[in-house]
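Below: the structure, in structure tokens.
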Amino acid sequence: MVSINVLGYPSSAAAYCVGVEHAPAALREAGLVASLHAAGHQVDDLGDLPVHLWKPDRERPRVQNLDEEVEALRELADTAAPLVSTDTRLLVLGGSCTVALGLCAAVADAGIEPHLVYLDRHLDLNTPESTTEGSLSWMGMAHALGIPGADESLVRLTSRHPLLQPSHLSYLGVEPATEATEWERGQVDRLGIPVTTQAELVADPTAAATRARGALPYGPFVVHVDVDVLDFLDAPLAENVNGRNSGPTLVQLGEALDALWRAPGFIGLSIGQLVPAHAASDPTSLGRFVEALTPPGDA
């Protein structure tokens, strides 16, 4: 049995459009808390933080909704820091994938050095200078690492900055060749960040997750799951719908997450980029995602 705190982060401020702010409610409605209880875990559902919505930011189009996103992530870190403990697990239901920044900030504010397994199709190492997309969802890890060109207000989200050292970030499930910019690939090479690819994740989810965890220093670590890592045809959940016929199934994701839940030092997990409106095309997808998220009773 594990003691699990559940906290919702219904923010789309950093996303590409509205939609992901509905994910916390949708996951609860799909039975997440009941599933955790049924697996034998002690669960405390702490509800949701305030809603923040994406809107077109025409004043700063290359770093949209920056001030609101900094405010939202600071709210998350302040609320979550007292919940961070090596004796419990924290499950943060996002929201845009910058939720990983808020989780790492909470860990830092709790006095623990953040170590992160980033489970995503993308590297999210762009900056407002390296891309014209303007969405902070494509820039989260660049700001966590304080890469040149990142916005200082987000880099300095907490007193520890940068939030992550390159050796404290490990990628799992990414596709650098096709789903990353030249800038991002250059940063991975320059900083020597370990990458376990999508092909490796699909071939052997448990071994890939174990390898990604093993690339981090020993001690407490957290995991971020961006649902666009999934094959969109198996699980139409993500804001980004381009991952068709590639990526892990929900069963394979569940195997990887089981390995991470069981790994020594695991203390928390965040979820990002889930759009319930897309899940309506397959009524089974949210329930299957809940199954993948639920650790076995002996985890």
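Following the order of the structure tokens, first chain is A, next is B, and so on, with residues numbered from 1 inside each chain and ligands from 1 in the order they appear.
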
Do a neighbour search on A:Thr127 at 9 Å with only C-alpha atoms, toss out local chain neighbours closer than 6 positions, and write the hits as a list in words.
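Skipping anything fewer than 6 positions along the chain leaves Arg62, Val63, Gly134, Leu136, Trp138, Met139, Gly140, Ala142, His143, Ile147, Pro148, Gly149, Ala150 and Asp151 of chain A.
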
Which residues, written as a PyMOL selection string, have at least one atom at most 8 Å from A:Arg121, with only C-alpha atoms counted and residues fewer than 5 positions away on the same chain left out?
chain A and resi 173-175+179+198+226+228-230+247

Only C-alpha atoms, please: the residues just picked out, written as a PDB file, in the first residue's frame.
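Output file result-v3.pdb is given in full below:
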ATOM      1  CA  GLY A 173      10.035   7.762 -25.264  1.00  0.00           C
ATOM      2  CA  VAL A 174      11.231  10.692 -27.386  1.00  0.00           C
ATOM      3  CA  GLU A 175      11.750  10.730 -31.147  1.00  0.00           C
ATOM      4  CA  GLU A 179       9.910  15.182 -33.445  1.00  0.00           C
ATOM      5  CA  GLN A 198      10.469   5.752 -28.399  1.00  0.00           C
ATOM      6  CA  ASP A 226       2.981  13.803 -21.636  1.00  0.00           C
ATOM      7  CA  ASP A 228       1.325  12.644 -26.696  1.00  0.00           C
ATOM      8  CA  VAL A 229       3.976   9.955 -26.244  1.00  0.00           C
ATOM      9  CA  LEU A 230       1.154   7.477 -26.927  1.00  0.00           C
ATOM     10  CA  GLY A 247       4.545   5.316 -29.903  1.00  0.00           C
TER      11      GLY A 247
END

Find the spatial neighbours of A:Val225, counting only C-alpha atoms, within a cut-off of 7 Å - ignore same-chain residues fewer than 6 positions away - and output them as JSON, numbers by chain.
{"A": [118, 119, 120, 270, 271, 272]}

Residues of the last selection are to be written out with C-alpha atoms, as a tab-separated table (two decimals), in the first residue's frame.
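The new file again.tsv reads:
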chain	number	residue	atom	x	y	z
A	118	TYR	CA	10.54	13.02	-18.74
A	119	LEU	CA	8.27	10.63	-20.62
A	120	ASP	CA	7.32	12.41	-23.83
A	270	SER	CA	2.67	14.72	-13.23
A	271	ILE	CA	0.43	14.34	-16.27
A	272	GLY	CA	0.16	16.78	-19.15

Shell of 8 Å around stretch 8-16 of chain A, only C-alpha atoms, local chain residues under 2 positions omitted, as an NGL selection string
:A and (6 or 18-24 or 46-55 or 64-66 or 68-69 or 72 or 76 or 92-99 or 135-137 or 273)

For the selection you just gave me, I'd like the residues written to a file as a short mmCIF file (atom, residue, chain, number, x, y, z; two decimals), in the first residue's frame, keeping N, CA and C atoms.
data_model
loop_
_atom_site.label_atom_id
_atom_site.label_comp_id
_atom_site.auth_asym_id
_atom_site.auth_seq_id
_atom_site.Cartn_x
_atom_site.Cartn_y
_atom_site.Cartn_z
N VAL A 6 -3.40 13.42 -4.39
CA VAL A 6 -3.82 13.76 -5.75
C VAL A 6 -4.17 15.25 -5.78
N VAL A 18 -7.16 25.97 -25.61
CA VAL A 18 -7.88 25.46 -24.45
C VAL A 18 -8.20 23.98 -24.65
N GLY A 19 -8.45 23.30 -23.54
CA GLY A 19 -8.83 21.88 -23.59
C GLY A 19 -8.18 21.06 -22.49
N VAL A 20 -6.87 21.25 -22.28
CA VAL A 20 -6.18 20.42 -21.30
C VAL A 20 -6.58 20.76 -19.86
N GLU A 21 -7.20 21.93 -19.66
CA GLU A 21 -7.61 22.29 -18.30
C GLU A 21 -8.75 21.40 -17.80
N HIS A 22 -9.41 20.66 -18.71
CA HIS A 22 -10.48 19.76 -18.31
C HIS A 22 -9.98 18.38 -17.87
N ALA A 23 -8.69 18.13 -18.03
CA ALA A 23 -8.16 16.79 -17.76
C ALA A 23 -8.33 16.33 -16.32
N PRO A 24 -8.05 17.15 -15.29
CA PRO A 24 -8.20 16.65 -13.92
C PRO A 24 -9.60 16.14 -13.63
N LEU A 46 -7.02 16.16 -3.02
CA LEU A 46 -6.97 17.52 -2.52
C LEU A 46 -7.65 18.52 -3.45
N GLY A 47 -8.34 18.02 -4.48
CA GLY A 47 -9.06 18.91 -5.37
C GLY A 47 -8.16 19.61 -6.37
N ASP A 48 -8.66 20.72 -6.92
CA ASP A 48 -7.97 21.42 -8.00
C ASP A 48 -7.52 22.81 -7.59
N LEU A 49 -6.42 23.24 -8.17
CA LEU A 49 -5.99 24.63 -8.09
C LEU A 49 -6.86 25.48 -9.03
N PRO A 50 -6.74 26.81 -8.98
CA PRO A 50 -7.56 27.65 -9.86
C PRO A 50 -7.32 27.36 -11.34
N VAL A 51 -8.37 27.56 -12.12
CA VAL A 51 -8.31 27.35 -13.56
C VAL A 51 -7.59 28.52 -14.24
N HIS A 52 -6.70 28.20 -15.18
CA HIS A 52 -6.04 29.21 -16.01
C HIS A 52 -6.23 28.79 -17.47
N LEU A 53 -6.69 29.70 -18.31
CA LEU A 53 -7.02 29.37 -19.68
C LEU A 53 -6.06 30.01 -20.68
N TRP A 54 -5.74 29.24 -21.72
CA TRP A 54 -4.98 29.79 -22.83
C TRP A 54 -5.80 30.85 -23.57
N LYS A 55 -5.12 31.86 -24.03
CA LYS A 55 -5.73 32.84 -24.93
C LYS A 55 -4.63 33.34 -25.86
N GLN A 64 3.75 33.09 -25.07
CA GLN A 64 2.37 33.44 -24.81
C GLN A 64 1.96 33.13 -23.36
N ASN A 65 1.22 34.08 -22.79
CA ASN A 65 0.63 33.93 -21.45
C ASN A 65 1.69 33.68 -20.38
N LEU A 66 2.86 34.25 -20.55
CA LEU A 66 3.98 33.98 -19.66
C LEU A 66 3.65 34.35 -18.21
N GLU A 68 0.82 34.74 -16.63
CA GLU A 68 -0.20 33.88 -16.03
C GLU A 68 0.36 32.49 -15.75
N GLU A 69 1.21 32.00 -16.64
CA GLU A 69 1.79 30.68 -16.43
C GLU A 69 2.74 30.67 -15.24
N ALA A 72 0.56 30.60 -12.21
CA ALA A 72 -0.07 29.30 -12.01
C ALA A 72 0.93 28.27 -11.48
N LEU A 76 1.09 26.18 -7.93
CA LEU A 76 1.28 24.74 -7.84
C LEU A 76 2.43 24.39 -6.92
N VAL A 92 0.07 14.72 -9.72
CA VAL A 92 -0.43 16.02 -10.16
C VAL A 92 -1.07 15.86 -11.53
N LEU A 93 -2.36 16.19 -11.60
CA LEU A 93 -3.13 16.02 -12.82
C LEU A 93 -3.18 17.34 -13.59
N GLY A 94 -2.38 17.45 -14.66
CA GLY A 94 -2.42 18.65 -15.49
C GLY A 94 -3.40 18.44 -16.63
N GLY A 95 -3.63 19.49 -17.38
CA GLY A 95 -2.89 20.71 -17.51
C GLY A 95 -1.87 20.57 -18.65
N SER A 96 -1.29 21.69 -19.00
CA SER A 96 -0.21 21.68 -19.99
C SER A 96 1.03 21.02 -19.40
N CYS A 97 1.96 20.64 -20.27
CA CYS A 97 3.08 19.84 -19.78
C CYS A 97 4.11 20.66 -19.01
N THR A 98 3.94 21.99 -18.94
CA THR A 98 4.78 22.75 -18.03
C THR A 98 4.48 22.42 -16.58
N VAL A 99 3.45 21.61 -16.34
CA VAL A 99 3.18 21.11 -14.98
C VAL A 99 4.42 20.44 -14.40
N SER A 135 4.32 28.67 -27.84
CA SER A 135 3.71 27.92 -26.75
C SER A 135 4.77 27.45 -25.76
N LEU A 136 4.57 27.78 -24.49
CA LEU A 136 5.52 27.34 -23.46
C LEU A 136 5.52 25.84 -23.28
N SER A 137 4.48 25.15 -23.74
CA SER A 137 4.46 23.70 -23.65
C SER A 137 5.60 23.05 -24.43
N GLN A 273 -1.03 17.48 -21.12
CA GLN A 273 -1.45 17.54 -22.52
C GLN A 273 -2.61 16.61 -22.86
#

With the cut-off set at 8 Å and counting only C-alpha atoms, tabulate each residue of stretch 126-176 of chain A with an atom at most that distance from an atom of stretch 182-189 of chain A, showing the nearest atom pair and its distance in Å to one decimal, ordered by chain and increasing number, as a Markdown table.
| residue | atom | partner | partner_atom | distance |
| --- | --- | --- | --- | --- |
| A:Asn126 | CA | A:Glu184 | CA | 6.2 |
| A:Ser130 | CA | A:Trp183 | CA | 6.8 |
| A:Pro176 | CA | A:Arg185 | CA | 6.7 |

Using DSSP on the backbone, list every residue of stretch 220-293 of chain A that comes out as strand (DSSP E or B), and give them as an MDAnalysis selection string.
chainID A and resid 221:226 238 266:272 274

DSSP alpha helix (DSSP H) residues within stretch 60-225 of chain A, as a PyMOL selection string
chain A and resi 66-80+99-109+140-145+152-155+176-179+182-191+198-203+205-214

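Remark: for A:Val275, the closest of the candidate residues A:Ala80, A:Ala292, A:Ala212, A:Ala238 is A:Ala238 (distances computed over only C-alpha atoms).
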
Excluding same-chain residues fewer than 4 positions from A:Arg244, what lies within 7 Å of it counting only C-alpha atoms, as a PyMOL selection string?
chain A and resi 231-233

As a PDB file with N, CA and C atoms, in the first residue's frame, please: the residues near A:Leu201 (cut-off 10 Å, only C-alpha atoms, same-chain neighbours under 5 positions excluded).
ATOM      1  N   LEU A 119       8.828  11.617 -19.704  1.00  0.00           N
ATOM      2  CA  LEU A 119       8.271  10.631 -20.625  1.00  0.00           C
ATOM      3  C   LEU A 119       7.414  11.369 -21.643  1.00  0.00           C
ATOM      4  N   LEU A 172      12.560   9.722 -21.802  1.00  0.00           N
ATOM      5  CA  LEU A 172      12.060   8.386 -22.096  1.00  0.00           C
ATOM      6  C   LEU A 172      10.938   8.507 -23.129  1.00  0.00           C
ATOM      7  N   GLY A 173      11.095   7.821 -24.264  1.00  0.00           N
ATOM      8  CA  GLY A 173      10.035   7.762 -25.264  1.00  0.00           C
ATOM      9  C   GLY A 173      10.105   8.809 -26.348  1.00  0.00           C
ATOM     10  N   VAL A 174      11.172   9.603 -26.410  1.00  0.00           N
ATOM     11  CA  VAL A 174      11.231  10.692 -27.386  1.00  0.00           C
ATOM     12  C   VAL A 174      11.663  10.178 -28.758  1.00  0.00           C
ATOM     13  N   THR A 196      16.401   7.847 -23.824  1.00  0.00           N
ATOM     14  CA  THR A 196      15.913   6.511 -24.152  1.00  0.00           C
ATOM     15  C   THR A 196      14.776   6.709 -25.143  1.00  0.00           C
ATOM     16  N   THR A 206       9.542  -2.093 -19.791  1.00  0.00           N
ATOM     17  CA  THR A 206      10.138  -2.199 -18.456  1.00  0.00           C
ATOM     18  C   THR A 206      11.626  -1.900 -18.496  1.00  0.00           C
ATOM     19  N   ALA A 207      12.323  -2.486 -19.464  1.00  0.00           N
ATOM     20  CA  ALA A 207      13.765  -2.247 -19.574  1.00  0.00           C
ATOM     21  C   ALA A 207      14.059  -0.793 -19.910  1.00  0.00           C
ATOM     22  N   ALA A 208      13.246  -0.200 -20.793  1.00  0.00           N
ATOM     23  CA  ALA A 208      13.470   1.202 -21.169  1.00  0.00           C
ATOM     24  C   ALA A 208      13.258   2.126 -19.974  1.00  0.00           C
ATOM     25  N   ALA A 209      12.201   1.896 -19.202  1.00  0.00           N
ATOM     26  CA  ALA A 209      11.946   2.723 -18.023  1.00  0.00           C
ATOM     27  C   ALA A 209      13.057   2.560 -16.999  1.00  0.00           C
ATOM     28  N   ARG A 211      16.141   1.786 -17.626  1.00  0.00           N
ATOM     29  CA  ARG A 211      17.325   2.455 -18.163  1.00  0.00           C
ATOM     30  C   ARG A 211      17.232   3.962 -17.961  1.00  0.00           C
ATOM     31  N   ALA A 212      16.054   4.523 -18.218  1.00  0.00           N
ATOM     32  CA  ALA A 212      15.876   5.969 -18.049  1.00  0.00           C
ATOM     33  C   ALA A 212      16.058   6.361 -16.588  1.00  0.00           C
ATOM     34  N   GLY A 247       4.606   5.109 -31.339  1.00  0.00           N
ATOM     35  CA  GLY A 247       4.545   5.316 -29.903  1.00  0.00           C
ATOM     36  C   GLY A 247       3.944   4.123 -29.185  1.00  0.00           C
ATOM     37  N   PRO A 248       4.072   4.101 -27.867  1.00  0.00           N
ATOM     38  CA  PRO A 248       3.570   2.980 -27.094  1.00  0.00           C
ATOM     39  C   PRO A 248       2.051   2.969 -27.014  1.00  0.00           C
ATOM     40  N   GLN A 252       1.590  -0.747 -22.943  1.00  0.00           N
ATOM     41  CA  GLN A 252       3.037  -0.569 -22.850  1.00  0.00           C
ATOM     42  C   GLN A 252       3.399   0.578 -21.909  1.00  0.00           C
ATOM     43  N   LEU A 253       2.641   1.679 -21.957  1.00  0.00           N
ATOM     44  CA  LEU A 253       2.879   2.772 -21.020  1.00  0.00           C
ATOM     45  C   LEU A 253       2.696   2.290 -19.587  1.00  0.00           C
ATOM     46  N   GLU A 255       3.189  -0.655 -18.380  1.00  0.00           N
ATOM     47  CA  GLU A 255       4.341  -1.471 -17.977  1.00  0.00           C
ATOM     48  C   GLU A 255       5.512  -0.581 -17.575  1.00  0.00           C
ATOM     49  N   ALA A 256       5.745   0.475 -18.356  1.00  0.00           N
ATOM     50  CA  ALA A 256       6.836   1.399 -18.029  1.00  0.00           C
ATOM     51  C   ALA A 256       6.570   2.114 -16.711  1.00  0.00           C
TER      52      ALA A 256
END

Could you state the separation of atom CA of A:Ala180 and atom CA of A:Leu125 in Å, given to one decimal place?
8.6 Å

Contact residues around stretch 28-40 of chain A with only C-alpha atoms at 12 Å, ignoring same-chain residues under 6 positions, as a PyMOL selection string
chain A and resi 1-8+22+46-48+89+91+93+276+279-280+283-299

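From atom CA of A:Pro264 back to atom CA of A:Pro162, the distance works out to 24.9 Å.
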
Would you work out the distance separating atom CA of A:Leu145 from atom CA of A:Leu274, expressed in Å to one decimal?
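Calculated distance between atom CA of A:Leu145 and atom CA of A:Leu274 is 24.2 Å.
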
Here is a test: counting only C-alpha atoms, which residue of A:Pro114, A:Pro194, A:Pro236, A:Pro217 is nearest to A:Asp282?
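Ranked by minimum distance to A:Asp282, first place goes to A:Pro236.
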
Per residue of stretch 162-245 of chain A within 10 Å of stretch 103-110 of chain A, record the nearest atom pair and its distance in Å to one decimal, counting only C-alpha atoms, with rows in chain order and ascending residue number, as CSV.
residue,atom,partner,partner_atom,distance
A:Leu163,CA,A:Ala105,CA,6.8
A:Leu164,CA,A:Cys104,CA,8.2
A:Pro220,CA,A:Val107,CA,9.3
A:Phe221,CA,A:Val107,CA,9.0
A:Val222,CA,A:Cys104,CA,7.7
A:Val223,CA,A:Leu103,CA,9.2
A:His224,CA,A:Leu103,CA,8.7

Select, from A:His278, A:Ser170, A:Ile267, A:Gly219, the residue with the minimum atom-to-atom distance to A:Ala81, counting only C-alpha atoms.
A:Ile267

Under the rule that only C-alpha atoms are counted, which of A:Gly254, A:Gly102, A:Leu116, A:Asn240 is the nearest residue to A:Asp78?
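Smallest distance to A:Asp78 is found for A:Gly102.
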
Among the residues A:Thr86, A:Thr178, A:Thr79, A:Gln42, the one that comes closest to A:Gly265 [using only C-alpha atoms]
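The answer is A:Thr86, which sits nearest to A:Gly265.
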